[in-house]
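This is my_file-v2.csv. It holds CSV, C-alpha atoms.
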chain,number,residue,atom,x,y,z
P,1,MET,CA,-8.1,24.8,95.5
P,2,PHE,CA,-6.8,21.3,94.9
P,3,ARG,CA,-7.1,20.6,98.5
P,4,SER,CA,-10.7,21.5,98.6
P,5,LEU,CA,-11.3,19.4,95.5
P,6,PHE,CA,-9.6,16.4,97.0
P,7,GLU,CA,-11.7,16.7,100.1
P,8,TRP,CA,-14.8,17.0,98.0
P,9,LEU,CA,-13.9,13.7,96.2
P,10,ARG,CA,-13.0,12.1,99.4
P,11,ALA,CA,-16.4,12.9,100.7
P,12,GLY,CA,-17.7,10.5,98.1
P,13,ARG,CA,-20.1,12.8,96.4
P,14,LEU,CA,-18.8,12.1,92.9
P,15,SER,CA,-17.8,8.5,93.5
P,16,THR,CA,-21.2,7.7,94.8
P,17,THR,CA,-22.7,8.8,91.6
P,18,HIS,CA,-20.2,6.7,89.6
P,19,GLN,CA,-20.9,3.6,91.6
P,20,SER,CA,-24.6,3.8,91.2
P,21,GLN,CA,-24.5,4.3,87.5
P,22,SER,CA,-21.5,2.2,86.5
P,23,GLY,CA,-22.2,-0.8,84.2
P,24,TYR,CA,-25.4,0.6,82.7
P,25,ALA,CA,-23.6,1.4,79.5
P,26,THR,CA,-22.3,-2.1,79.1
P,27,VAL,CA,-25.7,-3.7,79.9
P,28,GLU,CA,-27.6,-1.4,77.5
P,29,PHE,CA,-25.1,-2.1,74.8
P,30,ALA,CA,-25.3,-5.8,75.3
P,31,LEU,CA,-29.1,-5.6,75.1
P,32,THR,CA,-29.0,-3.7,71.9
P,33,ILE,CA,-26.4,-5.7,70.1
P,34,PRO,CA,-28.9,-8.4,68.8
P,35,LEU,CA,-31.0,-5.6,67.3
P,36,LEU,CA,-27.9,-4.2,65.5
P,37,VAL,CA,-26.9,-7.6,64.3
P,38,MET,CA,-30.5,-8.2,63.0
P,39,ILE,CA,-30.5,-5.0,61.0
P,40,THR,CA,-27.1,-5.8,59.6
P,41,ALA,CA,-28.3,-9.3,58.6
P,42,VAL,CA,-31.4,-7.7,56.9
P,43,CYS,CA,-29.0,-5.3,55.1
P,44,GLY,CA,-26.9,-8.3,53.9
P,45,TRP,CA,-30.0,-10.2,52.9
P,46,CYS,CA,-31.1,-7.2,50.7
P,47,LEU,CA,-27.7,-7.3,49.0
P,48,GLY,CA,-28.1,-11.1,48.5
P,49,LEU,CA,-31.5,-10.6,46.9
P,50,THR,CA,-30.0,-8.1,44.5
P,51,VAL,CA,-27.2,-10.4,43.4
P,52,ILE,CA,-29.7,-13.3,42.9
P,53,GLU,CA,-32.0,-11.2,40.8
P,54,ILE,CA,-29.1,-10.0,38.6
P,55,ARG,CA,-28.2,-13.7,38.2
P,56,LEU,CA,-31.7,-14.5,37.2
P,57,HIS,CA,-31.8,-11.8,34.5
P,58,THR,CA,-28.4,-12.9,33.1
P,59,ALA,CA,-29.5,-16.5,33.0
P,60,ALA,CA,-32.8,-15.6,31.3
P,61,ALA,CA,-31.1,-13.6,28.6
P,62,SER,CA,-28.5,-16.2,28.0
P,63,ALA,CA,-31.1,-19.0,27.8
P,64,ALA,CA,-33.2,-17.0,25.4
P,65,ARG,CA,-30.2,-16.3,23.2
P,66,ILE,CA,-29.2,-20.0,23.1
P,67,LEU,CA,-32.7,-21.2,22.3
P,68,ALA,CA,-33.2,-18.4,19.6
P,69,ARG,CA,-30.1,-19.8,17.8
P,70,GLY,CA,-31.8,-23.2,17.7
P,71,GLN,CA,-29.5,-24.8,20.2
P,72,GLU,CA,-30.4,-26.9,23.2
P,73,LEU,CA,-29.8,-25.5,26.7
P,74,PRO,CA,-26.7,-27.0,28.4
P,75,PRO,CA,-27.6,-30.0,30.6
P,76,GLY,CA,-26.4,-28.2,33.8
P,77,PHE,CA,-28.3,-25.0,33.1
P,78,SER,CA,-30.8,-25.5,35.9
P,79,GLN,CA,-28.1,-26.4,38.3
P,80,HIS,CA,-26.4,-23.1,37.8
P,81,LEU,CA,-29.6,-21.3,38.8
P,82,PRO,CA,-30.3,-20.6,42.5
P,83,ARG,CA,-32.2,-23.2,44.4
P,84,GLN,CA,-36.0,-23.1,44.2
P,85,ALA,CA,-35.8,-21.3,40.8
P,86,GLU,CA,-38.2,-22.5,38.2
P,87,PHE,CA,-37.9,-21.6,34.5
P,88,GLU,CA,-40.2,-22.0,31.6
P,89,VAL,CA,-39.7,-21.6,27.9
P,90,ILE,CA,-42.4,-20.2,25.7
P,91,GLU,CA,-41.6,-20.5,22.0
P,92,ASN,CA,-43.6,-19.3,19.1
P,93,GLN,CA,-42.9,-18.9,15.4
P,94,SER,CA,-40.7,-15.8,15.7
P,95,THR,CA,-39.6,-15.4,19.3
P,96,VAL,CA,-38.4,-17.4,22.4
P,97,ARG,CA,-39.4,-16.2,25.8
P,98,VAL,CA,-37.7,-17.5,29.0
P,99,ASN,CA,-39.3,-16.8,32.4
P,100,ILE,CA,-37.4,-17.6,35.6
P,101,ARG,CA,-39.2,-17.3,39.0
P,102,MET,CA,-38.2,-18.1,42.5
P,103,ASN,CA,-39.4,-17.6,46.0
P,104,SER,CA,-36.8,-16.2,48.4
P,105,GLY,CA,-36.6,-17.3,52.0
P,106,SER,CA,-36.7,-15.0,54.9
P,107,PRO,CA,-33.4,-14.1,56.8
P,108,ILE,CA,-35.3,-14.8,60.0
P,109,PRO,CA,-36.6,-18.4,60.0
P,110,ALA,CA,-39.5,-17.5,62.4
P,111,VAL,CA,-40.8,-14.7,60.2
P,112,SER,CA,-41.9,-15.6,56.8
P,113,ILE,CA,-41.5,-12.8,54.3
P,114,PRO,CA,-42.8,-13.9,50.9
P,115,ILE,CA,-40.5,-12.4,48.3
P,116,ARG,CA,-40.9,-13.5,44.7
P,117,LEU,CA,-38.1,-12.8,42.3
P,118,SER,CA,-38.5,-13.1,38.6
P,119,ALA,CA,-36.7,-12.4,35.3
P,120,SER,CA,-37.8,-12.6,31.8
P,121,ALA,CA,-36.1,-12.3,28.4
P,122,VAL,CA,-37.3,-12.5,24.8
P,123,ALA,CA,-35.1,-13.2,21.8
P,124,ALA,CA,-35.9,-13.2,18.2
P,125,ARG,CA,-35.5,-16.7,16.6
P,126,GLU,CA,-32.8,-16.8,14.0
P,127,ASP,CA,-34.8,-19.3,11.9
P,128,ALA,CA,-37.9,-17.1,12.0
P,129,PRO,CA,-39.7,-16.3,8.8
P,130,SER,CA,-38.4,-13.2,7.0
P,131,GLY,CA,-41.8,-11.5,7.3
P,132,TRP,CA,-41.3,-10.7,11.0
S,1,MET,CA,-13.8,29.6,85.8
S,2,LEU,CA,-17.3,28.2,85.1
S,3,GLN,CA,-19.6,27.9,88.0
S,4,VAL,CA,-22.9,26.3,88.0
S,5,VAL,CA,-25.2,28.2,90.2
S,6,GLY,CA,-28.2,26.7,91.9
S,7,SER,CA,-28.3,23.3,90.3
S,8,SER,CA,-24.8,22.0,90.7
S,9,LYS,CA,-26.0,18.7,92.0
S,10,SER,CA,-28.3,17.9,89.1
S,11,PHE,CA,-25.7,19.0,86.6
S,12,ARG,CA,-23.1,16.8,88.2
S,13,HIS,CA,-25.6,13.9,88.2
S,14,TYR,CA,-26.4,14.5,84.5
S,15,VAL,CA,-22.7,14.5,83.5
S,16,CYS,CA,-21.6,11.5,85.5
S,17,ARG,CA,-24.5,9.1,84.9
S,18,GLU,CA,-24.3,6.2,82.5
S,19,GLN,CA,-27.9,5.2,82.4
S,20,GLY,CA,-29.4,5.9,78.9
S,21,SER,CA,-26.1,7.0,77.5
S,22,VAL,CA,-25.9,4.0,75.1
S,23,SER,CA,-29.5,4.5,74.0
S,24,ILE,CA,-28.6,7.7,72.1
S,25,VAL,CA,-25.6,6.1,70.4
S,26,VAL,CA,-27.5,3.0,69.5
S,27,THR,CA,-30.5,4.9,68.2
S,28,CYS,CA,-28.2,6.9,65.9
S,29,LEU,CA,-26.5,3.6,64.8
S,30,ILE,CA,-29.9,2.0,64.1
S,31,LEU,CA,-31.1,5.0,62.1
S,32,ALA,CA,-27.8,4.9,60.2
S,33,LEU,CA,-28.1,1.2,59.5
S,34,LEU,CA,-31.7,1.5,58.4
S,35,SER,CA,-30.9,4.3,56.1
S,36,LEU,CA,-28.0,2.2,54.7
S,37,THR,CA,-30.4,-0.7,54.2
S,38,VAL,CA,-33.0,1.3,52.4
S,39,THR,CA,-30.4,3.0,50.2
S,40,LEU,CA,-28.8,-0.3,49.4
S,41,ALA,CA,-32.2,-1.8,48.5
S,42,MET,CA,-33.0,1.1,46.2
S,43,LEU,CA,-29.5,1.0,44.6
S,44,GLY,CA,-30.0,-2.7,44.2
S,45,GLN,CA,-33.3,-2.2,42.3
S,46,VAL,CA,-31.6,0.3,40.0
S,47,PHE,CA,-28.7,-2.2,39.4
S,48,VAL,CA,-31.2,-5.0,38.6
S,49,GLN,CA,-33.1,-2.9,36.2
S,50,GLN,CA,-29.9,-1.7,34.6
S,51,ARG,CA,-28.9,-5.3,34.0
S,52,ALA,CA,-32.3,-6.2,32.6
S,53,THR,CA,-32.1,-3.2,30.3
S,54,GLU,CA,-28.6,-4.2,29.1
S,55,ALA,CA,-29.9,-7.7,28.4
S,56,ALA,CA,-32.8,-6.2,26.4
S,57,ALA,CA,-30.4,-4.0,24.5
S,58,ASP,CA,-28.2,-7.0,23.6
S,59,LEU,CA,-31.2,-9.0,22.4
S,60,SER,CA,-32.6,-6.1,20.5
S,61,ALA,CA,-29.3,-5.4,18.7
S,62,LEU,CA,-29.0,-9.1,17.8
S,63,ALA,CA,-32.5,-9.2,16.4
S,64,GLY,CA,-31.8,-6.0,14.4
S,65,ALA,CA,-28.6,-7.6,13.1
S,66,GLN,CA,-30.5,-10.6,11.9
S,67,SER,CA,-32.7,-8.4,9.7
S,68,LEU,CA,-29.9,-6.2,8.3
S,69,ILE,CA,-30.1,-8.1,5.0
S,70,TYR,CA,-33.6,-6.7,4.5
S,71,GLY,CA,-32.5,-3.1,5.0
S,72,THR,CA,-31.7,-0.7,7.9
S,73,GLN,CA,-35.3,0.3,8.5
S,74,ARG,CA,-36.4,-3.3,8.9
S,75,ALA,CA,-33.5,-3.9,11.2
S,76,CYS,CA,-34.5,-1.1,13.5
S,77,ALA,CA,-38.1,-2.1,13.4
S,78,LYS,CA,-37.3,-5.6,14.5
S,79,ALA,CA,-34.9,-4.2,17.2
S,80,SER,CA,-37.8,-2.0,18.4
S,81,SER,CA,-40.2,-5.0,18.5
S,82,VAL,CA,-37.8,-7.1,20.6
S,83,ALA,CA,-37.1,-4.1,22.9
S,84,GLN,CA,-40.8,-3.7,23.5
S,85,LEU,CA,-41.2,-7.4,24.2
S,86,ASN,CA,-38.5,-7.2,26.8
S,87,GLY,CA,-40.3,-4.3,28.5
S,88,THR,CA,-38.1,-1.5,27.3
S,89,GLU,CA,-38.3,1.2,24.7
S,90,LEU,CA,-36.0,1.8,21.7
S,91,VAL,CA,-34.7,5.3,22.1
S,92,ASN,CA,-32.3,5.4,19.2
S,93,CYS,CA,-31.3,3.0,16.4
S,94,THR,CA,-28.5,3.5,13.9
S,95,SER,CA,-27.3,1.0,11.4
S,96,ASP,CA,-25.0,0.6,8.5
S,97,ALA,CA,-24.5,-2.3,6.1
S,98,THR,CA,-22.9,-4.6,8.7
S,99,SER,CA,-24.0,-3.5,12.1
S,100,VAL,CA,-26.8,-2.1,14.3
S,101,VAL,CA,-26.4,0.1,17.3
S,102,VAL,CA,-29.4,0.4,19.6
S,103,VAL,CA,-30.1,2.5,22.6
S,104,VAL,CA,-32.9,1.3,24.8
S,105,SER,CA,-34.3,2.7,28.0
S,106,GLN,CA,-36.7,1.7,30.7
S,107,GLN,CA,-38.5,3.7,33.3
S,108,VAL,CA,-37.6,2.9,36.9
S,109,HIS,CA,-40.4,0.9,38.5
S,110,SER,CA,-40.3,2.4,42.0
S,111,GLU,CA,-41.7,5.9,42.4
S,112,ARG,CA,-39.4,6.7,45.2
S,113,ILE,CA,-36.3,5.9,43.2
S,114,ARG,CA,-37.8,7.7,40.2
S,115,ALA,CA,-37.3,11.0,42.1
S,116,VAL,CA,-33.6,10.4,41.9
S,117,VAL,CA,-33.1,8.3,38.8
S,118,SER,CA,-36.0,8.3,36.3
S,119,THR,CA,-34.8,6.0,33.6
S,120,VAL,CA,-32.0,3.5,33.0
S,121,THR,CA,-30.4,3.3,29.6
S,122,ALA,CA,-28.3,0.8,27.8
S,123,THR,CA,-26.5,0.7,24.5
S,124,SER,CA,-25.6,-2.4,22.4
S,125,LYS,CA,-24.1,-3.1,19.1
S,126,ALA,CA,-24.4,-6.2,16.9
S,127,GLY,CA,-23.4,-7.1,13.4
S,128,TYR,CA,-21.6,-9.5,11.2
As structure tokens, please, write out the structure in this file.
Amino acid sequence: MFRSLFEWLRAGRLSTTHQSQSGYATVEFALTIPLLVMITAVCGWCLGLTVIEIRLHTAAASAARILARGQELPPGFSQHLPRQAEFEVIENQSTVRVNIRMNSGSPIPAVSIPIRLSASAVAAREDAPSGW
Amino acid sequence: MLQVVGSSKSFRHYVCREQGSVSIVVTCLILALLSLTVTLAMLGQVFVQQRATEAAADLSALAGAQSLIYGTQRACAKASSVAQLNGTELVNCTSDATSVVVVVSQQVHSERIRAVVSTVTATSKAGY
């Protein structure tokens, strides 16, 4: 039985198949690696957006709380925000509203994906009239 | 012993060839990565909303605590107003002479996520 198998292999039937197909797997894998890397990058970008948005919400709540106490925002407040973030303060007699907005860049420079992140927080002023 | 009858050549060819073998693995990998990305994006949205709700609960409790001197009802009314201004709803408010405990909730924005998680809730306590 082994002898017949050896003769069969020696005849080159199986080895011929191997030779004609060898290397395909490597080439296909090499071609698909950029796609896998791109999807992983998008996945990381989504995580980054989540972290940035959480930071915006935390900053808006902190700023609203500070202004509601009647204090000034710390000088480096805007520096602690992500780049391109803009914030506005709307004060009225009884409340302080802080809005923070920013446009996020795309993970792929050639493709522009406009994503706008925003956060808002409202705090009651401590020096507000008692009627509210 | 197994014997392939009739089509032994094509069977051997199928088993030994490499062409297209990576495509199946990579397709599965891409599907898994895309699923992971979508799941992470949805979880991220829930986390962001949870954080916003927590901030709203904190600000509501602080507003309620400011009005405690006017009575517990007034404190809860003010907490409710601030919760609404922050886009949330006051679910429960309990207060005693020195502190206010508020529970606020917010409906999840995305309809797809709402099938899994409908609302996010946060509790906060403030007093003096």
Provide as a PyMOL selection string the residues of chain P at most 7 Å from chain S, counting all atoms listed in the file. chain P and resi 17-18+21-22+24-25+28-29+36+39+43+46+50+53-54+57+61+121-124+126
Enclosing box along x, y and z for every listed atom of stretch 70-78 of chain S, padded 6 Å each side, centre and size in Å, one decimal, as AutoDock Vina command-line options:
--center_x -34.9 --center_y -3.2 --center_z 9.5 --size_x 18.4 --size_y 19.0 --size_z 22.0
For P:Val96, find every residue with an atom within 10 Å (counting all atoms listed in the file), except residues of its own chain fewer than 6 positions away, and show them as an MDAnalysis selection string. chainID P and resid 63:70 89:90 121:125
Restricting the calculation to all atoms listed in the file, which member of P:Arg55, P:Pro34, P:Asn103, P:Val27 is positioned closest to P:Ile115?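 Going through P:Arg55, P:Pro34, P:Asn103, P:Val27 one by one, the smallest distance to P:Ile115 is for P:Asn103.
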Shell around P:Pro107 at 9 Å using only C-alpha atoms, local window under 3 positions removed, as a ChimeraX atom specification: /P:41-42,45,110-113
Between atom CA of S:Val116 and atom CA of S:Val104, distance in Å (one decimal):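 Those two atoms sit 19.4 Å apart.
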For atom CA of S:Gln106 and atom CA of S:Thr121, the interatomic separation in Å (one decimal): 6.6 Å
